[in-house]
$ cat final_8.txt   # compact mmCIF, C-alpha atoms and all ligand atoms
# COMPACT_ATOMS: atom_id res chain seq x y z
CA MET A 1 43.24 116.12 112.42
CA VAL A 2 40.29 114.58 114.30
CA PRO A 3 40.64 113.60 117.97
CA PHE A 4 39.10 110.34 119.17
CA VAL A 5 37.11 112.34 121.75
CA ASP A 6 37.19 116.06 122.43
CA LEU A 7 36.48 116.64 126.12
CA LYS A 8 37.86 120.17 125.87
CA ALA A 9 35.26 121.26 123.29
CA GLN A 10 32.48 120.16 125.64
CA TYR A 11 34.13 121.79 128.66
CA LYS A 12 34.51 125.10 126.80
CA SER A 13 30.77 125.12 126.04
CA ILE A 14 29.88 124.95 129.78
CA GLU A 15 33.03 126.37 131.38
CA GLY A 16 31.32 129.21 133.29
CA GLU A 17 28.66 126.96 134.79
CA VAL A 18 31.18 124.29 135.78
CA LYS A 19 33.48 126.78 137.51
CA GLU A 20 30.52 128.26 139.36
CA ALA A 21 29.42 124.78 140.50
CA ILE A 22 32.92 123.87 141.73
CA ASN A 23 33.20 127.22 143.53
CA GLU A 24 29.91 126.61 145.28
CA VAL A 25 31.18 123.29 146.63
CA LEU A 26 34.36 125.03 147.78
CA GLU A 27 32.24 127.59 149.61
CA THR A 28 29.88 125.09 151.24
CA MET A 29 32.65 122.53 151.92
CA LYS A 30 30.25 119.65 151.25
CA PHE A 31 32.92 117.53 149.65
CA VAL A 32 31.45 114.04 150.03
CA GLN A 33 27.89 113.01 149.05
CA GLY A 34 25.56 115.46 150.87
CA ASP A 35 23.19 117.77 149.05
CA TYR A 36 25.11 117.68 145.78
CA GLU A 37 24.89 113.90 145.41
CA LYS A 38 21.19 113.95 146.36
CA LYS A 39 20.43 116.72 143.86
CA PHE A 40 22.28 115.04 141.04
CA SER A 41 20.78 111.62 141.77
CA GLN A 42 17.30 113.16 141.63
CA GLU A 43 18.12 114.85 138.31
CA PHE A 44 19.73 111.74 136.86
CA SER A 45 16.71 109.59 137.81
CA GLU A 46 14.43 112.07 136.11
CA VAL A 47 16.45 112.44 132.94
CA HIS A 48 16.92 108.67 132.76
CA GLY A 49 13.31 107.72 133.49
CA SER A 50 14.12 105.88 136.73
CA LYS A 51 12.37 106.05 140.10
CA PHE A 52 15.57 106.14 142.16
CA ALA A 53 19.31 106.66 141.78
CA VAL A 54 22.20 106.89 144.19
CA GLY A 55 25.65 108.19 143.34
CA CYS A 56 28.80 106.15 143.94
CA SER A 57 32.51 106.28 143.26
CA ASN A 58 32.67 104.77 139.73
CA GLY A 59 31.02 102.32 137.34
CA THR A 60 32.94 99.34 138.72
CA SER A 61 31.86 99.95 142.31
CA ALA A 62 28.31 100.48 141.02
CA ILE A 63 28.27 96.85 139.77
CA THR A 64 29.89 95.58 142.98
CA VAL A 65 27.36 97.44 145.11
CA ALA A 66 24.46 96.12 143.01
CA LEU A 67 25.73 92.53 143.30
CA ARG A 68 26.20 92.82 147.06
CA SER A 69 22.78 94.42 147.48
CA LEU A 70 21.24 91.36 145.81
CA GLY A 71 23.15 88.97 148.05
CA VAL A 72 25.45 87.69 145.31
CA GLY A 73 28.60 86.24 146.85
CA PRO A 74 30.69 83.07 147.12
CA GLY A 75 29.05 79.93 145.76
CA TYR A 76 26.96 81.78 143.18
CA GLU A 77 27.38 82.16 139.43
CA VAL A 78 26.61 85.30 137.45
CA ILE A 79 26.07 85.06 133.71
CA THR A 80 27.46 87.84 131.56
CA VAL A 81 28.73 88.47 128.07
CA ALA A 82 32.29 87.77 126.88
CA ASN A 83 32.67 91.09 125.05
CA SER A 84 32.82 93.82 127.64
CA PHE A 85 35.24 96.00 129.50
CA PHE A 86 37.08 94.05 132.21
CA ALA A 87 35.16 95.71 135.08
CA THR A 88 31.98 93.72 134.39
CA ALA A 89 33.69 90.42 135.20
CA GLU A 90 35.97 91.94 137.81
CA ALA A 91 33.02 93.06 139.96
CA ILE A 92 31.61 89.51 139.90
CA VAL A 93 34.96 88.14 141.07
CA GLU A 94 35.27 90.94 143.63
CA VAL A 95 32.11 89.79 145.45
CA GLY A 96 33.40 86.20 145.46
CA ALA A 97 31.05 84.83 142.78
CA THR A 98 31.99 83.08 139.51
CA PRO A 99 31.48 84.75 136.14
CA VAL A 100 29.91 82.50 133.49
CA PHE A 101 30.39 83.85 129.99
CA VAL A 102 28.13 83.79 126.96
CA ASP A 103 28.93 84.95 123.43
CA CYS A 104 27.46 88.08 121.88
CA VAL A 105 25.22 88.23 118.84
CA ASP A 106 26.46 89.34 115.47
CA GLU A 107 25.64 92.97 114.55
CA THR A 108 24.16 94.07 117.91
CA TYR A 109 27.23 92.90 119.87
CA SER A 110 24.96 92.21 122.86
CA ILE A 111 24.48 89.01 124.88
CA ASP A 112 23.21 85.94 122.99
CA VAL A 113 19.96 85.23 124.79
CA GLU A 114 19.61 81.61 123.63
CA GLN A 115 23.09 80.77 124.90
CA LEU A 116 22.33 82.63 128.09
CA GLU A 117 19.39 80.36 128.88
CA SER A 118 21.50 77.27 128.23
CA LYS A 119 24.00 78.42 130.91
CA VAL A 120 21.45 78.79 133.72
CA GLY A 121 22.17 76.25 136.48
CA ASP A 122 21.57 75.62 140.18
CA LYS A 123 24.16 78.18 141.24
CA THR A 124 23.03 80.96 138.92
CA LYS A 125 21.91 83.98 140.88
CA ALA A 126 22.05 86.88 138.46
CA ILE A 127 22.54 88.05 134.88
CA ILE A 128 24.56 91.09 133.86
CA PRO A 129 23.70 92.15 130.32
CA VAL A 130 26.02 94.90 129.06
CA HIS A 131 24.62 97.58 126.78
CA LEU A 132 27.98 97.81 125.06
CA TYR A 133 28.74 100.79 122.83
CA GLY A 134 25.39 102.23 124.01
CA ASN A 135 23.40 99.58 122.15
CA PRO A 136 20.63 98.01 124.26
CA SER A 137 20.70 94.26 124.92
CA ASP A 138 17.46 92.36 124.34
CA MET A 139 15.97 93.16 127.75
CA ILE A 140 12.50 91.83 126.93
CA LEU A 141 13.82 88.28 126.40
CA ILE A 142 16.40 88.54 129.19
CA LYS A 143 13.65 89.56 131.63
CA LYS A 144 11.57 86.54 130.53
CA ILE A 145 14.48 84.21 131.28
CA ALA A 146 15.17 85.92 134.62
CA ASP A 147 11.52 85.55 135.63
CA LYS A 148 11.41 81.91 134.49
CA TYR A 149 14.43 80.91 136.62
CA ASP A 150 14.00 83.48 139.40
CA LEU A 151 17.23 85.34 138.61
CA LYS A 152 18.18 88.94 139.32
CA ILE A 153 19.25 91.37 136.59
CA ILE A 154 21.91 94.06 136.83
CA GLU A 155 22.17 96.05 133.62
CA ASP A 156 25.68 97.36 132.97
CA CYS A 157 24.80 100.75 131.49
CA ALA A 158 28.31 102.24 131.78
CA GLN A 159 28.22 103.08 128.06
CA ALA A 160 24.48 103.54 127.64
CA HIS A 161 23.10 106.67 129.36
CA LEU A 162 19.65 107.37 127.86
CA ALA A 163 19.65 104.33 125.55
CA SER A 164 16.17 102.83 125.36
CA ILE A 165 13.98 99.96 124.18
CA ASP A 166 10.52 100.91 122.97
CA GLY A 167 10.89 104.21 124.81
CA LYS A 168 11.88 102.64 128.15
CA ALA A 169 15.37 103.53 129.36
CA VAL A 170 17.98 100.81 129.85
CA GLY A 171 18.77 100.20 133.50
CA THR A 172 15.07 100.23 134.40
CA PHE A 173 14.31 96.66 133.25
CA GLY A 174 16.31 94.85 135.92
CA GLU A 175 16.72 95.11 139.69
CA PHE A 176 19.59 97.55 139.11
CA GLY A 177 21.14 99.62 136.35
CA THR A 178 24.76 100.64 136.91
CA PHE A 179 26.46 103.65 135.33
CA SER A 180 29.94 105.05 134.93
CA PHE A 181 30.60 108.78 134.72
CA TYR A 182 34.26 108.31 133.79
CA PRO A 183 35.24 111.54 131.95
CA GLY A 184 34.95 110.09 128.44
CA LYS A 185 31.53 108.50 129.02
CA ASN A 186 28.34 109.92 127.47
CA LEU A 187 27.78 111.72 130.77
CA GLY A 188 31.23 112.27 132.18
CA ALA A 189 32.45 113.72 135.47
CA TYR A 190 35.83 115.44 135.86
CA GLY A 191 37.23 112.47 137.74
CA ASP A 192 35.71 109.10 138.67
CA ALA A 193 32.03 108.74 139.52
CA GLY A 194 29.17 106.29 139.04
CA SER A 195 25.53 105.63 139.86
CA VAL A 196 23.20 102.79 140.71
CA ILE A 197 19.57 103.10 139.65
CA THR A 198 16.63 100.99 140.79
CA GLN A 199 12.86 101.04 140.76
CA ASP A 200 12.61 99.47 144.21
CA ALA A 201 12.77 101.63 147.36
CA GLU A 202 14.06 98.77 149.52
CA LEU A 203 16.90 98.00 147.08
CA LEU A 204 17.75 101.70 147.01
CA LYS A 205 18.07 101.67 150.79
CA ILE A 206 20.34 98.60 150.77
CA ALA A 207 22.51 99.93 147.93
CA THR A 208 22.86 103.28 149.72
CA MET A 209 24.15 101.43 152.78
CA HIS A 210 26.56 99.36 150.67
CA ILE A 211 27.97 102.59 149.26
CA ASN A 212 28.59 104.05 152.71
CA HIS A 213 30.03 101.57 155.23
CA GLY A 214 26.74 99.70 155.75
CA ARG A 215 25.66 102.56 157.92
CA THR A 216 22.15 103.18 159.25
CA LYS A 217 22.98 106.52 160.87
CA LYS A 218 26.14 108.35 161.87
CA TYR A 219 28.53 105.93 163.58
CA GLU A 220 26.09 103.02 163.52
CA HIS A 221 26.76 100.23 160.99
CA ASP A 222 24.60 97.20 160.20
CA PHE A 223 27.25 95.40 158.13
CA CYS A 224 30.77 95.85 156.74
CA ALA A 225 30.60 97.31 153.25
CA GLY A 226 33.42 99.76 152.52
CA ASN A 227 33.37 103.26 151.10
CA PHE A 228 32.12 103.80 147.53
CA ARG A 229 30.74 107.33 147.92
CA MET A 230 30.47 110.02 145.25
CA ASP A 231 32.41 113.27 145.73
CA GLY A 232 30.47 116.52 146.11
CA ILE A 233 32.50 118.25 143.39
CA GLN A 234 31.77 115.46 140.89
CA ALA A 235 28.06 115.55 141.78
CA ALA A 236 27.92 119.33 141.31
CA ILE A 237 29.68 119.07 137.91
CA LEU A 238 27.37 116.23 136.85
CA SER A 239 24.35 118.36 137.80
CA VAL A 240 25.52 120.99 135.33
CA LYS A 241 26.12 118.37 132.63
CA ALA A 242 22.87 116.44 133.18
CA LYS A 243 20.98 119.34 131.60
CA TYR A 244 22.74 118.73 128.30
CA ILE A 245 22.82 114.95 128.07
CA SER A 246 19.77 114.72 125.77
CA LYS A 247 21.25 117.25 123.37
CA TRP A 248 24.66 115.55 123.48
CA THR A 249 23.05 112.17 122.87
CA ASP A 250 21.32 113.58 119.78
CA GLY A 251 24.74 114.76 118.59
CA ARG A 252 26.17 111.25 118.93
CA ARG A 253 23.22 109.73 117.11
CA ALA A 254 23.47 112.23 114.27
CA ALA A 255 27.19 111.48 113.91
CA ALA A 256 26.53 107.72 113.88
CA ALA A 257 23.83 108.15 111.23
CA LYS A 258 26.35 109.95 109.01
CA TYR A 259 28.96 107.24 109.51
CA ASP A 260 26.32 104.55 108.83
CA LYS A 261 25.45 106.21 105.56
CA VAL A 262 28.98 106.19 104.24
CA ILE A 263 30.75 103.32 106.02
CA GLY A 264 27.79 101.00 106.62
CA GLU A 265 26.62 101.43 103.05
CA ALA A 266 30.14 100.70 101.78
CA GLY A 267 29.66 97.16 103.14
CA PHE A 268 31.42 97.33 106.53
CA LYS A 269 29.96 95.67 109.61
CA VAL A 270 28.73 98.39 111.96
CA ILE A 271 26.36 98.27 114.95
CA LYS A 272 22.78 97.41 113.94
CA PRO A 273 20.42 98.25 116.81
CA ARG A 274 17.45 95.91 117.25
CA GLU A 275 14.04 97.14 116.07
CA GLY A 276 12.67 99.55 118.73
CA SER A 277 16.09 99.99 120.38
CA LYS A 278 17.80 103.35 120.51
CA CYS A 279 21.57 103.13 120.59
CA VAL A 280 23.44 106.11 122.10
CA TYR A 281 26.77 105.39 120.39
CA HIS A 282 29.26 105.74 123.21
CA LEU A 283 31.59 104.30 120.59
CA TYR A 284 31.44 103.73 116.85
CA PRO A 285 33.21 100.43 116.14
CA VAL A 286 33.60 99.05 112.61
CA GLU A 287 34.89 95.61 111.64
CA VAL A 288 37.74 95.60 109.13
CA GLU A 289 39.94 92.85 107.66
CA ASN A 290 43.16 94.89 107.90
CA ARG A 291 42.98 96.60 111.29
CA ASP A 292 46.69 97.27 111.81
CA GLU A 293 46.95 98.97 108.44
CA VAL A 294 43.79 101.03 109.03
CA MET A 295 44.93 102.19 112.47
CA GLU A 296 48.39 103.03 111.22
CA HIS A 297 46.97 105.09 108.37
CA LEU A 298 44.49 106.93 110.62
CA LYS A 299 47.27 107.72 113.07
CA SER A 300 49.49 109.00 110.25
CA VAL A 301 46.83 111.54 109.27
CA GLN A 302 46.17 112.41 112.94
CA ILE A 303 42.79 110.77 113.27
CA GLY A 304 42.21 109.20 116.68
CA CYS A 305 41.02 105.60 116.86
CA GLY A 306 40.94 102.74 119.36
CA ILE A 307 40.03 99.09 120.00
CA HIS A 308 37.12 98.23 122.27
CA TYR A 309 38.17 95.70 123.34
CA PRO A 310 41.17 93.73 122.05
CA ILE A 311 40.87 90.80 124.52
CA PRO A 312 37.47 89.24 125.28
CA LEU A 313 36.81 88.57 128.97
CA HIS A 314 37.20 84.78 128.74
CA MET A 315 40.73 85.28 127.33
CA GLN A 316 41.89 87.75 130.00
CA PRO A 317 44.98 86.53 131.87
CA ALA A 318 43.33 87.37 135.21
CA LEU A 319 40.43 85.02 134.43
CA LYS A 320 42.47 82.10 133.12
CA TYR A 321 41.50 80.06 136.18
CA LEU A 322 37.93 79.86 134.85
CA GLY A 323 39.18 77.45 132.18
CA TYR A 324 37.88 79.03 128.98
CA LYS A 325 39.86 78.75 125.74
CA ALA A 326 40.19 80.39 122.34
CA GLY A 327 37.28 79.36 120.13
CA ASP A 328 34.71 79.27 122.95
CA PHE A 329 33.00 82.50 121.87
CA PRO A 330 33.64 83.01 118.14
CA ILE A 331 31.72 86.26 117.65
CA SER A 332 33.32 88.01 120.61
CA GLU A 333 36.72 86.76 119.42
CA ARG A 334 36.12 87.84 115.84
CA SER A 335 34.97 91.34 116.80
CA ALA A 336 37.89 91.72 119.24
CA SER A 337 40.30 90.95 116.41
CA LYS A 338 38.65 93.07 113.72
CA MET A 339 37.06 96.09 115.33
CA VAL A 340 38.39 99.60 115.17
CA SER A 341 36.52 102.45 116.89
CA LEU A 342 36.29 105.72 114.96
CA PRO A 343 36.05 109.19 116.56
CA ILE A 344 32.61 109.97 117.97
CA PHE A 345 31.58 112.71 120.39
CA PRO A 346 28.64 115.12 120.48
CA GLU A 347 30.57 118.08 119.08
CA ILE A 348 32.11 116.25 116.09
CA THR A 349 31.47 118.30 112.93
CA ASP A 350 30.27 117.13 109.51
CA GLU A 351 33.67 118.10 108.10
CA GLN A 352 35.44 115.95 110.68
CA ILE A 353 33.17 112.98 109.90
CA ASP A 354 33.81 113.45 106.16
CA GLU A 355 37.55 113.49 106.82
CA VAL A 356 37.40 110.30 108.91
CA CYS A 357 35.27 108.52 106.27
CA ARG A 358 37.53 109.63 103.45
CA GLU A 359 40.73 108.46 105.16
CA PHE A 360 39.14 105.24 106.46
CA LEU A 361 37.85 104.24 103.02
CA LYS A 362 41.27 104.85 101.46
CA VAL A 363 42.68 101.79 103.24
CA ALA A 364 39.98 99.75 105.02
CA ARG A 365 38.86 96.39 103.64
CA ALA A 366 35.46 94.95 104.60
C1 LIG A 401 30.94 98.30 130.08
C2 LIG A 401 31.63 98.93 131.24
N1 LIG A 401 31.37 98.47 132.48
C3 LIG A 401 31.95 99.01 133.57
C4 LIG A 401 32.84 100.05 133.46
C5 LIG A 401 33.52 100.58 134.68
O1 LIG A 401 33.33 101.93 134.91
P1 LIG A 401 34.44 102.80 135.70
O2 LIG A 401 35.60 102.99 134.80
O3 LIG A 401 33.72 104.07 136.01
O4 LIG A 401 34.77 102.05 136.93
C6 LIG A 401 33.12 100.58 132.19
C7 LIG A 401 34.07 101.70 132.05
O5 LIG A 401 34.87 101.81 131.19
C8 LIG A 401 32.51 100.00 131.05
O6 LIG A 401 32.77 100.45 129.82

$ encode --input "final_8.txt" --output "structure tokens" --more "lines below"
Ligand SMILES: Cc1ncc(COP(=O)(O)O)c(C=O)c1O
Amino acid sequence: MVPFVDLKAQYKSIEGEVKEAINEVLETMKFVQGDYEKKFSQEFSEVHGSKFAVGCSNGTSAITVALRSLGVGPGYEVITVANSFFATAEAIVEVGATPVFVDCVDETYSIDVEQLESKVGDKTKAIIPVHLYGNPSDMILIKKIADKYDLKIIEDCAQAHLASIDGKAVGTFGEFGTFSFYPGKNLGAYGDAGSVITQDAELLKIATMHINHGRTKKYEHDFCAGNFRMDGIQAAILSVKAKYISKWTDGRRAAAAKYDKVIGEAGFKVIKPREGSKCVYHLYPVEVENRDEVMEHLKSVQIGCGIHYPIPLHMQPALKYLGYKAGDFPISERSASKMVSLPIFPEITDEQIDEVCREFLKVARA
């Protein structure tokens, strides 16, 4: 038996510290933002190599806040990749802009930069590359395109805490990096939470206002923005966990290296990070010809698995009005139909990886 993720194992390793942190919030009654959010944001910026960070309610609101802070709204287009979790496109629609999709590249599963440039038009305002599975998109080339056409960049880092390109952390290349701390993420809260990072003090100020009712000071509001604040309890828990994220990331990388050795070398398509990029393996997807059979077998021997994601964004019912059709983005469509994600989490043991590989190879066809 191997679970898909084991949140309990991680919790048990820090249980005392987490309970102490929650108790402290209960004693101080600072339930929303306050000192806990400030402390965690400072720690997260440091650990992630960013100048600034501000906590928010989740990874979806982080993208919405970033878009609004850059003035993206009705009449504008935002280019993003067709293979992502729904929230990436949803946030673009939420601010009233139009998502324009681009296919991903084989093997890295990140945005096809050549196609991206071909989609830039008069209405394009921003690009949202997604570092899916924790594998960095080609930020050097994306930045060149953004500079050439005067576009803004929001990096969707929901799955990519601590991923880097030539030693520079993802999220620090663009105007904003947005993060999710959903419990199963590489840095996970015990509820919903997110963060927006930036290297620009003015953008930090605007994003902070967008998170909290457009307010300048108590009961004075410059614009209508809504409430996307981070809870004090989540911030306090994240402060405990931030200390371990480097170690946990090493655990994920070690597990992926073991899978690569057996499954990659057996001829299956697995993630191939670009030269100089460090993937943090939020997920470990593998392409197989007989997915249903593989998933059924893994389930029968109590090995957790999943699909990330079965429907590419351009094929989502909610986005039908955009007019895309099957065949528009062949690589995203192929990976959506063939990928199965195998168990990966920092605490996974060598024995568990061996068991997954053994059972996977019994049935999977490359
Ligand atoms: C790529 C990506 N973007 C955005 C999000 C949204 O984050 P949240 O669930 O915290 O709103 C997720 C979360 O699953 C994600 O994987």

$ closest_residue --input "final_8.txt" --among "A:Ala146, A:Ala126, A:Val93, A:Cys157" --to "Tyr321 in chain A" --atoms "only C-alpha atoms"
A:Val93

$ residues_near_ligand --input "final_8.txt" --ligand "ligand LIG 401 (chain A)" --cutoff "6 Å" --atoms "all atoms listed in the file" --output "number ranges by chain"
A: 58-60, 84-85, 87-88, 132, 156, 158-159, 180-182, 194

$ residues_near_point --input "final_8.txt" --point "(30.9, 102.5, 149.2)" --cutoff "7 Å" --atoms "all atoms listed in the file" --output "list in words"
Cys56, His210, Ile211, Asn212, His213, Ala225, Gly226, Asn227, Phe228 and Arg229 of chain A

$ residues_around --input "final_8.txt" --residues "His314 in chain A" --least-positions-apart "6" --cutoff "10 Å" --atoms "all atoms listed in the file" --output "ChimeraX atom specification"
/A:81-83,86,89,99-103,320-326,328-329,332-333

$ closest_residue --input "final_8.txt" --among "A:Ile63, A:Val130, A:Met209, A:Lys299" --to "Asp222 in chain A" --atoms "all atoms listed in the file"
A:Met209

$ closest_residue --input "final_8.txt" --among "A:Lys8, A:His161, A:Lys338, A:Lys152" --to "Arg291 in chain A" --atoms "all atoms listed in the file"
A:Lys338

$ residues_around --input "final_8.txt" --residues "range 12-14 of chain A" --least-positions-apart "4" --cutoff "10 Å" --atoms "only C-alpha atoms" --output "list in words"
Leu7, Lys8, Val18, Lys19, Val240, Lys241, Tyr244 and Glu347 of chain A

$ closest_residue --input "final_8.txt" --among "A:Phe4, A:Trp248, A:Tyr36, A:Phe52" --to "Tyr284 in chain A" --atoms "only C-alpha atoms"
A:Phe4

$ closest_residue --input "final_8.txt" --among "A:Glu202, A:Glu296, A:Asp192, A:Asp350" --to "Lys258 in chain A" --atoms "all atoms listed in the file"
A:Asp350

$ residues_near_point --input "final_8.txt" --point "(18.6, 83.7, 138.1)" --cutoff "10 Å" --atoms "all atoms listed in the file" --output "list in words"
Tyr76, Glu77, Val78, Ile79, Glu117, Val120, Gly121, Asp122, Lys123, Thr124, Lys125, Ala126, Ile127, Ile145, Ala146, Asp147, Lys148, Tyr149, Asp150, Leu151, Lys152 and Ile153 of chain A

$ axis_aligned_box --input "final_8.txt" --around "range 116-121 of chain A" --padding-each-side "6 Å" --output "lines of an AutoDock Vina configuration file"
center_x = 21.7
center_y = 79.4
center_z = 132.3
size_x = 16.6
size_y = 18.4
size_z = 20.4

$ closest_residue --input "final_8.txt" --among "A:Met139, A:Val196, A:Val2, A:Ile22" --to "Ser239 in chain A" --atoms "all atoms listed in the file"
A:Ile22

$ atom_distance --input "final_8.txt" --atom1 "CA of Ala66 in chain A" --atom2 "CA of Gln33 in chain A"
18.3 Å

$ build_atoms --input "final_8.txt" --residues "range 276-296 of chain A" --atoms "N, CA and C atoms" --output "tab-separated table (two decimals), in the frame of the given file"
chain	number	residue	atom	x	y	z
A	276	GLY	N	13.22	98.97	117.49
A	276	GLY	CA	12.67	99.55	118.73
A	276	GLY	C	13.74	100.01	119.71
A	277	SER	N	15.00	99.60	119.48
A	277	SER	CA	16.09	99.99	120.38
A	277	SER	C	16.73	101.28	119.92
A	278	LYS	N	17.07	102.13	120.87
A	278	LYS	CA	17.80	103.35	120.51
A	278	LYS	C	19.20	103.29	121.10
A	279	CYS	N	20.16	103.19	120.20
A	279	CYS	CA	21.57	103.13	120.59
A	279	CYS	C	22.06	104.57	120.83
A	280	VAL	N	22.94	104.75	121.82
A	280	VAL	CA	23.44	106.11	122.10
A	280	VAL	C	24.92	106.28	121.72
A	281	TYR	N	25.45	105.28	121.02
A	281	TYR	CA	26.77	105.39	120.39
A	281	TYR	C	27.84	106.01	121.30
A	282	HIS	N	28.09	105.33	122.42
A	282	HIS	CA	29.26	105.74	123.21
A	282	HIS	C	30.51	105.59	122.34
A	283	LEU	N	30.48	104.54	121.52
A	283	LEU	CA	31.59	104.30	120.59
A	283	LEU	C	31.01	104.00	119.21
A	284	TYR	N	31.86	104.12	118.19
A	284	TYR	CA	31.44	103.73	116.85
A	284	TYR	C	32.46	102.73	116.28
A	285	PRO	N	32.28	101.45	116.64
A	285	PRO	CA	33.21	100.43	116.14
A	285	PRO	C	32.80	99.91	114.75
A	286	VAL	N	33.81	99.61	113.95
A	286	VAL	CA	33.60	99.05	112.61
A	286	VAL	C	34.52	97.84	112.47
A	287	GLU	N	34.02	96.78	111.86
A	287	GLU	CA	34.89	95.61	111.64
A	287	GLU	C	35.62	95.76	110.30
A	288	VAL	N	36.93	95.53	110.36
A	288	VAL	CA	37.74	95.60	109.13
A	288	VAL	C	38.65	94.37	109.07
A	289	GLU	N	39.06	94.02	107.84
A	289	GLU	CA	39.94	92.85	107.66
A	289	GLU	C	41.40	93.19	107.95
A	290	ASN	N	41.75	94.48	107.78
A	290	ASN	CA	43.16	94.89	107.90
A	290	ASN	C	43.33	95.97	108.97
A	291	ARG	N	43.03	95.59	110.22
A	291	ARG	CA	42.98	96.60	111.29
A	291	ARG	C	44.30	97.34	111.50
A	292	ASP	N	45.40	96.60	111.53
A	292	ASP	CA	46.69	97.27	111.81
A	292	ASP	C	46.95	98.37	110.78
A	293	GLU	N	46.71	98.01	109.52
A	293	GLU	CA	46.95	98.97	108.44
A	293	GLU	C	46.03	100.19	108.57
A	294	VAL	N	44.76	99.93	108.89
A	294	VAL	CA	43.79	101.03	109.03
A	294	VAL	C	44.21	101.95	110.18
A	295	MET	N	44.57	101.36	111.31
A	295	MET	CA	44.93	102.19	112.47
A	295	MET	C	46.21	102.98	112.21
A	296	GLU	N	47.13	102.33	111.53
A	296	GLU	CA	48.39	103.03	111.22
A	296	GLU	C	48.12	104.22	110.31
